[in-house]
>>> print(open('run.cif').read())   # mmCIF, C-alpha atoms and all ligand atoms
data_work
loop_
_atom_site.label_atom_id
_atom_site.label_comp_id
_atom_site.auth_asym_id
_atom_site.auth_seq_id
_atom_site.Cartn_x
_atom_site.Cartn_y
_atom_site.Cartn_z
CA MET O 1 76.56 153.89 104.68
CA SER O 2 76.94 153.18 101.02
CA ASP O 3 78.15 150.10 99.27
CA GLY O 4 81.66 149.97 97.93
CA PRO O 5 82.16 149.57 94.20
CA ASP O 6 82.71 145.84 94.23
CA VAL O 7 79.68 144.71 96.20
CA LYS O 8 77.54 142.38 94.17
CA ARG O 9 74.11 142.11 95.58
CA GLN O 10 73.20 138.80 94.01
CA LYS O 11 74.05 136.24 96.61
CA THR O 12 74.37 132.61 95.71
CA SER O 13 72.10 130.68 98.00
CA ASP O 14 74.27 127.57 97.95
CA GLY O 15 77.40 129.49 98.92
CA SER O 16 79.19 128.52 95.75
CA GLY O 17 79.47 132.05 94.44
CA SER O 18 79.46 133.23 90.87
CA SER O 19 82.18 132.98 88.27
CA SER O 20 83.16 136.67 88.40
CA GLY O 21 86.87 137.43 88.67
CA THR O 22 86.29 139.78 91.62
CA GLU O 23 84.36 137.32 93.69
CA TYR O 24 85.38 137.10 97.32
CA GLU O 25 86.90 133.79 98.36
CA LEU O 26 87.03 132.76 102.01
CA ILE O 27 89.41 129.96 102.88
CA TYR O 28 88.78 128.49 106.30
CA TRP O 29 88.63 125.14 108.10
CA PRO O 30 85.47 123.12 107.47
CA GLY O 31 83.30 121.95 110.34
CA ILE O 32 83.48 124.89 112.76
CA PRO O 33 82.23 128.49 112.63
CA GLY O 34 85.57 129.69 114.06
CA ARG O 35 87.23 132.89 112.96
CA GLY O 36 85.77 132.42 109.48
CA GLU O 37 82.30 133.14 110.80
CA HIS O 38 82.79 136.88 111.19
CA VAL O 39 83.73 137.04 107.53
CA ARG O 40 80.75 134.92 106.45
CA LEU O 41 78.35 137.09 108.45
CA CYS O 42 79.69 140.24 106.78
CA PHE O 43 79.21 138.69 103.34
CA GLU O 44 75.74 137.49 104.25
CA GLU O 45 74.63 140.84 105.67
CA ALA O 46 75.87 142.63 102.53
CA GLY O 47 74.37 140.05 100.17
CA ALA O 48 77.83 139.72 98.59
CA SER O 49 78.77 136.91 96.28
CA TYR O 50 81.46 134.73 97.83
CA THR O 51 82.82 131.25 97.92
CA ASP O 52 83.51 129.47 101.19
CA SER O 53 86.12 126.72 101.01
CA ALA O 54 84.44 124.98 103.95
CA LEU O 55 81.51 124.21 101.65
CA LEU O 56 83.44 123.25 98.51
CA ASP O 57 84.60 119.82 97.44
CA GLY O 58 87.84 118.88 95.74
CA ASP O 59 91.08 120.85 95.85
CA ALA O 60 89.25 124.17 96.30
CA GLY O 61 87.53 122.99 99.46
CA GLY O 62 87.71 121.19 102.78
CA VAL O 63 90.87 120.86 104.82
CA LYS O 64 92.93 120.69 101.63
CA ALA O 65 92.18 124.29 100.65
CA VAL O 66 93.54 125.49 104.00
CA MET O 67 96.54 123.17 103.99
CA VAL O 68 97.70 124.50 100.61
CA GLN O 69 97.71 128.01 102.07
CA ILE O 70 99.56 127.21 105.29
CA ASP O 71 101.92 124.58 103.90
CA ALA O 72 105.56 125.14 104.79
CA SER O 73 106.39 125.21 101.07
CA ASN O 74 104.06 128.18 100.39
CA LYS O 75 106.10 131.33 99.99
CA GLY O 76 103.22 133.43 98.67
CA SER O 77 103.11 135.25 95.33
CA ALA O 78 104.83 138.25 93.77
CA SER O 79 102.39 140.53 95.61
CA SER O 80 101.21 138.61 98.71
CA PRO O 81 103.17 136.96 101.51
CA PRO O 82 101.89 133.53 102.59
CA PRO O 83 99.42 133.31 105.47
CA LEU O 84 100.41 131.65 108.75
CA ALA O 85 96.89 130.57 109.59
CA PRO O 86 93.32 130.87 108.31
CA PRO O 87 91.03 132.70 107.77
CA VAL O 88 92.40 133.74 104.39
CA LEU O 89 90.63 136.06 101.97
CA ARG O 90 91.31 136.06 98.26
CA HIS O 91 89.96 138.89 96.13
CA GLY O 92 91.34 139.29 92.64
CA ASP O 93 95.12 139.17 92.99
CA LEU O 94 94.96 140.03 96.69
CA THR O 95 95.49 137.30 99.28
CA ILE O 96 95.37 138.40 102.93
CA SER O 97 95.07 136.77 106.32
CA GLN O 98 94.55 137.87 109.94
CA LEU O 99 90.85 138.22 110.67
CA PRO O 100 90.90 141.89 111.77
CA ASN O 101 92.85 142.73 108.62
CA ILE O 102 90.30 140.91 106.46
CA LEU O 103 87.45 142.74 108.17
CA LEU O 104 89.20 146.08 107.71
CA TYR O 105 89.48 145.34 104.00
CA LEU O 106 85.94 144.11 103.61
CA GLY O 107 84.01 146.48 105.89
CA PRO O 108 84.09 149.59 103.67
CA ARG O 109 83.74 147.52 100.49
CA LEU O 110 80.64 145.73 101.75
CA GLY O 111 78.90 148.85 102.99
CA LEU O 112 79.65 147.91 106.62
CA GLY O 113 81.64 151.03 107.33
CA PRO O 114 82.30 154.39 105.69
CA ALA O 115 83.00 154.04 101.97
CA LEU O 116 86.51 154.60 100.66
CA THR O 117 86.06 157.44 98.21
CA GLY O 118 89.69 158.12 97.37
CA GLY O 119 92.09 160.39 99.25
CA ASP O 120 92.31 159.89 103.00
CA ILE O 121 90.96 156.86 104.79
CA PRO O 122 87.88 158.09 106.73
CA LYS O 123 88.75 158.44 110.43
CA GLU O 124 85.72 156.41 111.50
CA ILE O 125 87.39 153.35 110.00
CA TYR O 126 89.89 153.45 112.87
CA ASN O 127 87.12 153.88 115.44
CA ILE O 128 85.27 150.89 114.03
CA ASN O 129 88.48 148.87 113.85
CA GLN O 130 89.18 149.67 117.52
CA LEU O 131 85.78 148.30 118.48
CA ALA O 132 86.16 145.17 116.35
CA LEU O 133 89.65 144.48 117.74
CA THR O 134 88.39 144.91 121.29
CA ALA O 135 85.48 142.54 120.67
CA LEU O 136 87.88 139.99 119.18
CA ASP O 137 90.22 140.31 122.17
CA GLY O 138 87.53 139.77 124.77
CA LEU O 139 84.97 137.59 123.04
CA SER O 140 87.10 135.45 120.74
CA ASN O 141 90.77 135.28 121.73
CA GLU O 142 90.24 135.11 125.50
CA PRO O 143 87.44 132.52 125.26
CA HIS O 144 89.77 130.38 123.15
CA ASP O 145 92.44 130.62 125.84
CA CYS O 146 89.91 129.48 128.43
CA HIS O 147 90.11 125.90 127.11
CA HIS O 148 93.72 126.14 125.91
CA PRO O 149 95.46 128.37 128.47
CA VAL O 150 98.86 126.66 128.38
CA ALA O 151 99.64 125.06 125.03
CA VAL O 152 97.65 125.44 121.82
CA GLY O 153 98.99 122.13 120.51
CA ASP O 154 98.11 120.09 123.62
CA TYR O 155 94.77 118.46 124.39
CA TYR O 156 92.29 120.28 126.58
CA GLU O 157 92.34 117.30 128.92
CA ASP O 158 96.05 117.91 129.56
CA GLN O 159 95.44 121.48 130.74
CA LYS O 160 92.14 121.10 132.51
CA ASP O 161 93.20 122.56 135.87
CA GLU O 162 94.63 125.66 134.21
CA ALA O 163 91.55 125.89 131.99
CA LYS O 164 89.30 125.96 135.07
CA ARG O 165 91.38 128.69 136.65
CA LYS O 166 91.43 130.71 133.44
CA SER O 167 87.70 130.26 132.77
CA LYS O 168 86.74 131.30 136.29
CA ASP O 169 88.77 134.48 135.91
CA TYR O 170 87.35 135.07 132.45
CA VAL O 171 83.76 134.70 133.57
CA ARG O 172 84.09 136.67 136.81
CA ASN O 173 86.47 139.44 135.75
CA ARG O 174 87.17 139.66 132.06
CA LEU O 175 83.72 139.04 130.58
CA PRO O 176 82.03 141.68 132.80
CA LYS O 177 84.83 144.09 131.91
CA PHE O 178 84.26 143.64 128.17
CA LEU O 179 80.47 143.70 128.44
CA GLY O 180 80.75 146.81 130.59
CA TYR O 181 83.03 148.41 128.05
CA PHE O 182 80.62 147.84 125.18
CA GLN O 183 77.73 149.08 127.29
CA ARG O 184 79.72 152.29 127.85
CA VAL O 185 80.43 152.57 124.14
CA LEU O 186 76.73 152.20 123.40
CA GLU O 187 75.87 154.83 126.02
CA GLY O 188 78.45 157.21 124.52
CA GLU O 189 77.70 159.97 122.09
CA ALA O 190 79.87 158.53 119.29
CA SER O 191 77.62 155.48 119.01
CA GLY O 192 74.69 157.55 117.74
CA ASN O 193 71.10 156.80 118.59
CA GLY O 194 71.33 153.05 118.77
CA PRO O 195 71.41 150.19 118.51
CA TRP O 196 74.84 150.22 116.80
CA LEU O 197 78.31 150.74 118.19
CA HIS O 198 79.45 153.62 116.05
CA GLY O 199 77.99 156.56 114.16
CA GLY O 200 74.40 155.35 114.19
CA ALA O 201 75.03 152.81 111.44
CA LEU O 202 75.63 149.06 111.34
CA SER O 203 79.31 148.26 110.87
CA TRP O 204 81.52 145.21 110.86
CA ALA O 205 82.25 145.88 114.56
CA ASP O 206 78.57 145.17 115.37
CA ILE O 207 78.80 141.90 113.49
CA VAL O 208 81.97 140.93 115.36
CA LEU O 209 80.34 141.79 118.69
CA PHE O 210 77.30 139.70 117.75
CA GLN O 211 79.34 136.67 116.73
CA GLY O 212 81.66 136.94 119.74
CA LEU O 213 78.75 137.16 122.15
CA ASP O 214 76.95 134.32 120.39
CA GLY O 215 79.98 132.08 120.86
CA VAL O 216 80.46 133.11 124.48
CA LYS O 217 76.76 132.41 125.13
CA PHE O 218 77.37 128.90 123.83
CA ALA O 219 80.52 128.35 125.90
CA PHE O 220 79.40 130.03 129.12
CA PRO O 221 75.60 129.92 129.26
CA LYS O 222 75.41 130.44 133.03
CA ALA O 223 77.44 133.63 133.13
CA THR O 224 75.98 135.14 129.97
CA GLY O 225 72.45 134.27 131.13
CA ALA O 226 73.08 136.01 134.46
CA ALA O 227 74.71 138.98 132.70
CA GLU O 228 71.68 139.44 130.48
CA LYS O 229 69.27 139.12 133.39
CA SER O 230 71.17 141.67 135.47
CA GLY O 231 70.11 144.42 133.04
CA LYS O 232 73.56 146.00 133.38
CA TYR O 233 74.40 145.33 129.76
CA ASP O 234 70.98 145.90 128.22
CA LYS O 235 72.34 147.84 125.25
CA VAL O 236 74.85 145.10 124.43
CA PHE O 237 72.16 142.44 124.42
CA ALA O 238 69.86 144.73 122.41
CA LEU O 239 72.59 145.06 119.78
CA TYR O 240 73.01 141.28 119.78
CA ALA O 241 69.28 140.85 119.16
CA ALA O 242 69.24 143.55 116.47
CA VAL O 243 72.04 141.89 114.48
CA LYS O 244 70.35 138.51 114.82
CA GLU O 245 67.15 139.95 113.36
CA ARG O 246 68.77 141.50 110.28
CA PRO O 247 66.88 139.80 107.44
CA ASN O 248 69.93 138.42 105.59
CA ILE O 249 71.64 137.32 108.78
CA LYS O 250 68.46 135.72 110.12
CA LYS O 251 68.09 133.75 106.91
CA TYR O 252 71.72 132.67 107.04
CA LEU O 253 71.55 131.63 110.71
CA GLU O 254 68.58 129.44 109.90
CA SER O 255 70.33 127.85 106.89
CA SER O 256 72.48 124.74 106.86
CA ARG O 257 75.45 126.93 105.93
CA ARG O 258 75.62 128.17 109.52
CA GLN O 259 77.81 125.56 111.16
CA LYS O 260 77.35 124.37 114.70
CA TYR O 261 79.78 125.12 117.50
CA SER O 262 81.85 122.08 118.38
CA MET O 263 85.58 121.84 118.98
CA GLY O 264 86.60 125.29 117.73
CA ILE O 265 87.11 128.56 119.57
CA TYR O 266 83.85 128.21 121.45
CA ARG O 267 83.49 124.94 123.32
CA TYR O 268 81.07 123.92 125.99
CA TYR O 269 82.60 122.12 128.95
CA GLU O 270 80.33 121.85 131.96
CA GLU O 271 83.26 122.17 134.36
CA LEU O 272 84.20 125.54 132.80
CA ASP O 273 80.68 126.92 132.80
CA PHE O 274 81.09 129.10 135.90
CA ASP O 275 78.47 131.52 137.07
CA LEU O 276 79.20 135.23 137.45
CA GLU O 277 79.33 134.79 141.21
CA GLU O 278 79.84 131.88 143.63
N1 LIG X 1 95.36 136.23 114.80
C1 LIG X 1 94.93 135.33 113.76
C2 LIG X 1 94.73 133.96 114.39
C3 LIG X 1 94.53 132.90 113.34
C4 LIG X 1 94.28 131.55 113.96
O1 LIG X 1 94.65 131.27 115.11
N2 LIG X 1 93.65 130.67 113.17
C5 LIG X 1 93.32 129.36 113.66
C6 LIG X 1 91.97 128.94 113.18
S1 LIG X 1 90.74 130.01 113.87
C7 LIG X 1 94.37 128.37 113.16
O2 LIG X 1 94.13 127.55 112.29
N3 LIG X 1 95.55 128.46 113.76
C8 LIG X 1 96.63 127.60 113.44
C9 LIG X 1 97.88 128.06 114.12
O3 LIG X 1 97.87 129.14 114.75
O4 LIG X 1 98.88 127.35 114.03
C10 LIG X 1 93.64 135.84 113.12
O5 LIG X 1 92.92 136.64 113.75
O6 LIG X 1 93.33 135.51 111.98
#
>>> encode(input="run.cif", output="structure tokens", more="lines below")
Ligand SMILES: N[C@@H](CCC(=O)N[C@@H](CS)C(=O)NCC(=O)O)C(=O)O
Amino acid sequence: MSDGPDVKRQKTSDGSGSSSGTEYELIYWPGIPGRGEHVRLCFEEAGASYTDSALLDGDAGGVKAVMVQIDASNKGSASSPPPLAPPVLRHGDLTISQLPNILLYLGPRLGLGPALTGGDIPKEIYNINQLALTALDGLSNEPHDCHHPVAVGDYYEDQKDEAKRKSKDYVRNRLPKFLGYFQRVLEGEASGNGPWLHGGALSWADIVLFQGLDGVKFAFPKATGAAEKSGKYDKVFALYAAVKERPNIKKYLESSRRQKYSMGIYRYYEELDFDLEE
């Protein structure tokens, strides 16, 4: 798959980006990988030049950069409505939010999906988007709800009983369903000859599946360990390993720019770390 026209292959090693007007700008909370991480991994894989507000000081960085975007007084611009929540991507005069929407915009432009060559949008874009959305449902949104099943604004400690019930169901029913689904996708003809999800080429859906599974491995080590050992999802874990070994991604994962899991989407609570079976 070829690079889109606005990919710049000189990556800034400190994450500060270059001064070009078409530089990608990610605005996301500092201190957690969160939903911003999928976007970072796409940039890193492509070697694109980008800024990451989580790593910037002053008004352009930290919590402040996010607050400006989501402030109740922000009504957007002449061309872009305001975002409700991060991640937010700025690119030229475009400002967009909603992670899957950001990935859909970036994928073809970063060479992580079929290139947009004018005319119709290539059909594979919708196939790849389907896979990315499914991975986000099962390996990002549902894991988040495991520790916050009742009220997003309440403390985990105030919904612990429900969190246990939710996590047990997630680990025993939902996680195997999603892993099984991706195994089927990888066994299917449309995936190509491996190890990628669609069309025999790395796409943003593979990166989303990697990051989702990485987070779930952190939050539920018992169940994911047993799932890997079972051999039932060997192609899913092979894809995970293949993304992790991509040279740019490997370098990024080893760098200090890769933030640690803590109190974001993926949290480790011993009492929620159920095994696949009793
Ligand atoms: N569906 C949105 C969810 C965005 C979201 O929940 N963002 C979190 C951070 S990962 C947030 O700050 N939410 C604040 C809120 O929902 O009030 C997406 O995929 O981007």
>>> atom_distance(input="run.cif", atom1="atom CA of Pro33 of chain O", atom2="atom CA of Asp145 of chain O")
16.8 Å
>>> residues_near_ligand(input="run.cif", ligand="ligand LIG 1 (chain X)", cutoff="9 Å", atoms="only C-alpha atoms and all ligand atoms", output="list of chain:residue names")
O:Tyr28, O:Trp29, O:Ile32, O:Pro33, O:Gly34, O:Arg35, O:Gly36, O:Val66, O:Ile70, O:Leu84, O:Ala85, O:Pro86, O:Pro87, O:Val88, O:Ser97, O:Gln98, O:Leu99, O:Pro100, O:Asn101, O:Ile102, O:Leu136, O:Asn141, O:Val152, O:Gly153, O:Gly264, O:Ile265
>>> closest_atom_pairs(input="run.cif", of="segment 111-190 of chain O", to="segment 233-242 of chain O", cutoff="7 Å", atoms="only C-alpha atoms", output="Markdown table")
| residue | atom | partner | partner_atom | distance |
| --- | --- | --- | --- | --- |
| O:Leu179 | CA | O:Tyr233 | CA | 6.4 |
| O:Gly180 | CA | O:Tyr233 | CA | 6.6 |
| O:Phe182 | CA | O:Val236 | CA | 6.4 |
| O:Gln183 | CA | O:Tyr233 | CA | 5.6 |
| O:Leu186 | CA | O:Lys235 | CA | 6.5 |
>>> closest_residue(input="run.cif", among="O:Lys232, O:Arg246, O:Lys75, O:His148", to="Ala163 of chain O", atoms="all atoms listed in the file")
O:His148
>>> closest_residue(input="run.cif", among="O:Lys250, O:His198, O:His147, O:Lys123", to="Arg184 of chain O", atoms="all atoms listed in the file")
O:His198
>>> closest_residue(input="run.cif", among="O:Met263, O:Lys229, O:Trp196, O:Ile125", to="Gly107 of chain O", atoms="all atoms listed in the file")
O:Ile125
>>> axis_aligned_box(input="run.cif", around="segment 144-151 of chain O", padding_each_side="5 Å", output="AutoDock Vina command-line options")
--center_x 94.7 --center_y 127.8 --center_z 125.8 --size_x 19.9 --size_y 15.6 --size_z 15.3
>>> atom_distance(input="run.cif", atom1="atom CA of Tyr170 of chain O", atom2="atom CA of Gly138 of chain O")
9.0 Å
>>> closest_residue(input="run.cif", among="O:Val150, O:Ile27, O:Val243, O:Leu41", to="Gly61 of chain O", atoms="all atoms listed in the file")
O:Ile27
>>> residues_around(input="run.cif", residues="Lys251 of chain O", least_positions_apart="4", cutoff="12 Å", atoms="all atoms listed in the file", output="number ranges by chain")
O: 13, 41, 44-45, 47, 243-247, 255-258
>>> write_last_selection(input="run.cif", atoms="C-alpha atoms", output="mmCIF file, in the frame of the given file")
data_model
loop_
_atom_site.group_PDB
_atom_site.id
_atom_site.type_symbol
_atom_site.label_atom_id
_atom_site.label_comp_id
_atom_site.auth_asym_id
_atom_site.auth_seq_id
_atom_site.Cartn_x
_atom_site.Cartn_y
_atom_site.Cartn_z
ATOM 1 C CA SER O 13 72.100 130.680 98.000
ATOM 2 C CA LEU O 41 78.350 137.090 108.450
ATOM 3 C CA GLU O 44 75.740 137.490 104.250
ATOM 4 C CA GLU O 45 74.630 140.840 105.670
ATOM 5 C CA GLY O 47 74.370 140.050 100.170
ATOM 6 C CA VAL O 243 72.040 141.890 114.480
ATOM 7 C CA LYS O 244 70.350 138.510 114.820
ATOM 8 C CA GLU O 245 67.150 139.950 113.360
ATOM 9 C CA ARG O 246 68.770 141.500 110.280
ATOM 10 C CA PRO O 247 66.880 139.800 107.440
ATOM 11 C CA SER O 255 70.330 127.850 106.890
ATOM 12 C CA SER O 256 72.480 124.740 106.860
ATOM 13 C CA ARG O 257 75.450 126.930 105.930
ATOM 14 C CA ARG O 258 75.620 128.170 109.520
#
>>> decode(input="run.cif", residues="segment 255-277 of chain O", atoms="N, CA, C and O atoms", output="mmCIF file, in the first residue's frame")
data_model
loop_
_atom_site.group_PDB
_atom_site.id
_atom_site.type_symbol
_atom_site.label_atom_id
_atom_site.label_comp_id
_atom_site.auth_asym_id
_atom_site.auth_seq_id
_atom_site.Cartn_x
_atom_site.Cartn_y
_atom_site.Cartn_z
ATOM 1 N N SER O 255 10.733 3.456 23.652
ATOM 2 C CA SER O 255 11.092 4.846 23.978
ATOM 3 C C SER O 255 10.280 5.353 25.176
ATOM 4 O O SER O 255 9.276 4.746 25.569
ATOM 5 N N SER O 256 10.723 6.489 25.706
ATOM 6 C CA SER O 256 10.005 7.061 26.852
ATOM 7 C C SER O 256 8.696 7.724 26.410
ATOM 8 O O SER O 256 7.883 8.106 27.236
ATOM 9 N N ARG O 257 8.503 7.838 25.096
ATOM 10 C CA ARG O 257 7.238 8.424 24.614
ATOM 11 C C ARG O 257 6.070 7.454 24.796
ATOM 12 O O ARG O 257 4.927 7.874 24.860
ATOM 13 N N ARG O 258 6.346 6.186 24.857
ATOM 14 C CA ARG O 258 5.300 5.191 25.113
ATOM 15 C C ARG O 258 4.958 5.255 26.607
ATOM 16 O O ARG O 258 5.764 4.889 27.471
ATOM 17 N N GLN O 259 3.741 5.739 26.881
ATOM 18 C CA GLN O 259 3.365 5.912 28.283
ATOM 19 C C GLN O 259 2.865 4.612 28.889
ATOM 20 O O GLN O 259 2.393 3.725 28.191
ATOM 21 N N LYS O 260 2.982 4.548 30.195
ATOM 22 C CA LYS O 260 2.597 3.317 30.900
ATOM 23 C C LYS O 260 1.089 3.300 31.148
ATOM 24 O O LYS O 260 0.472 4.351 31.303
ATOM 25 N N TYR O 261 0.531 2.103 31.207
ATOM 26 C CA TYR O 261 -0.872 1.978 31.587
ATOM 27 C C TYR O 261 -1.005 2.373 33.048
ATOM 28 O O TYR O 261 -0.142 2.038 33.870
ATOM 29 N N SER O 262 -2.073 3.065 33.376
ATOM 30 C CA SER O 262 -2.279 3.402 34.788
ATOM 31 C C SER O 262 -3.770 3.470 35.072
ATOM 32 O O SER O 262 -4.417 2.441 35.213
ATOM 33 N N MET O 263 -4.333 4.666 35.091
ATOM 34 C CA MET O 263 -5.736 4.816 35.448
ATOM 35 C C MET O 263 -6.581 5.206 34.237
ATOM 36 O O MET O 263 -7.525 5.981 34.336
ATOM 37 N N GLY O 264 -6.228 4.696 33.082
ATOM 38 C CA GLY O 264 -6.980 5.022 31.866
ATOM 39 C C GLY O 264 -7.977 3.926 31.521
ATOM 40 O O GLY O 264 -8.627 3.353 32.402
ATOM 41 N N ILE O 265 -8.071 3.640 30.235
ATOM 42 C CA ILE O 265 -9.014 2.603 29.777
ATOM 43 C C ILE O 265 -8.625 1.248 30.348
ATOM 44 O O ILE O 265 -9.475 0.478 30.782
ATOM 45 N N TYR O 266 -7.330 0.967 30.317
ATOM 46 C CA TYR O 266 -6.850 -0.338 30.774
ATOM 47 C C TYR O 266 -6.277 -0.212 32.174
ATOM 48 O O TYR O 266 -5.275 0.482 32.373
ATOM 49 N N ARG O 267 -6.949 -0.839 33.132
ATOM 50 C CA ARG O 267 -6.480 -0.789 34.513
ATOM 51 C C ARG O 267 -6.337 -2.211 35.034
ATOM 52 O O ARG O 267 -7.138 -3.077 34.685
ATOM 53 N N TYR O 268 -5.350 -2.382 35.880
ATOM 54 C CA TYR O 268 -5.213 -3.701 36.497
ATOM 55 C C TYR O 268 -5.755 -3.665 37.910
ATOM 56 O O TYR O 268 -5.252 -2.940 38.758
ATOM 57 N N TYR O 269 -6.799 -4.437 38.144
ATOM 58 C CA TYR O 269 -7.322 -4.653 39.492
ATOM 59 C C TYR O 269 -7.326 -6.171 39.710
ATOM 60 O O TYR O 269 -7.978 -6.896 38.939
ATOM 61 N N GLU O 270 -6.637 -6.594 40.732
ATOM 62 C CA GLU O 270 -6.509 -8.038 40.967
ATOM 63 C C GLU O 270 -7.877 -8.719 41.033
ATOM 64 O O GLU O 270 -8.081 -9.813 40.498
ATOM 65 N N GLU O 271 -8.820 -8.030 41.688
ATOM 66 C CA GLU O 271 -10.149 -8.645 41.884
ATOM 67 C C GLU O 271 -10.950 -8.769 40.576
ATOM 68 O O GLU O 271 -11.963 -9.458 40.537
ATOM 69 N N LEU O 272 -10.484 -8.090 39.526
ATOM 70 C CA LEU O 272 -11.179 -8.199 38.225
ATOM 71 C C LEU O 272 -10.456 -9.147 37.268
ATOM 72 O O LEU O 272 -10.944 -9.421 36.167
ATOM 73 N N ASP O 273 -9.294 -9.600 37.698
ATOM 74 C CA ASP O 273 -8.447 -10.411 36.815
ATOM 75 C C ASP O 273 -8.910 -11.872 36.841
ATOM 76 O O ASP O 273 -8.226 -12.758 37.362
ATOM 77 N N PHE O 274 -10.080 -12.125 36.277
ATOM 78 C CA PHE O 274 -10.639 -13.477 36.265
ATOM 79 C C PHE O 274 -9.938 -14.333 35.232
ATOM 80 O O PHE O 274 -9.407 -13.826 34.242
ATOM 81 N N ASP O 275 -9.980 -15.631 35.466
ATOM 82 C CA ASP O 275 -9.434 -16.562 34.488
ATOM 83 C C ASP O 275 -10.535 -16.902 33.488
ATOM 84 O O ASP O 275 -11.706 -16.615 33.746
ATOM 85 N N LEU O 276 -10.165 -17.524 32.382
ATOM 86 C CA LEU O 276 -11.167 -17.881 31.378
ATOM 87 C C LEU O 276 -12.222 -18.828 31.932
ATOM 88 O O LEU O 276 -13.382 -18.773 31.558
ATOM 89 N N GLU O 277 -11.790 -19.691 32.834
ATOM 90 C CA GLU O 277 -12.727 -20.644 33.446
ATOM 91 C C GLU O 277 -12.523 -20.642 34.931
ATOM 92 O O GLU O 277 -11.485 -20.212 35.421
#
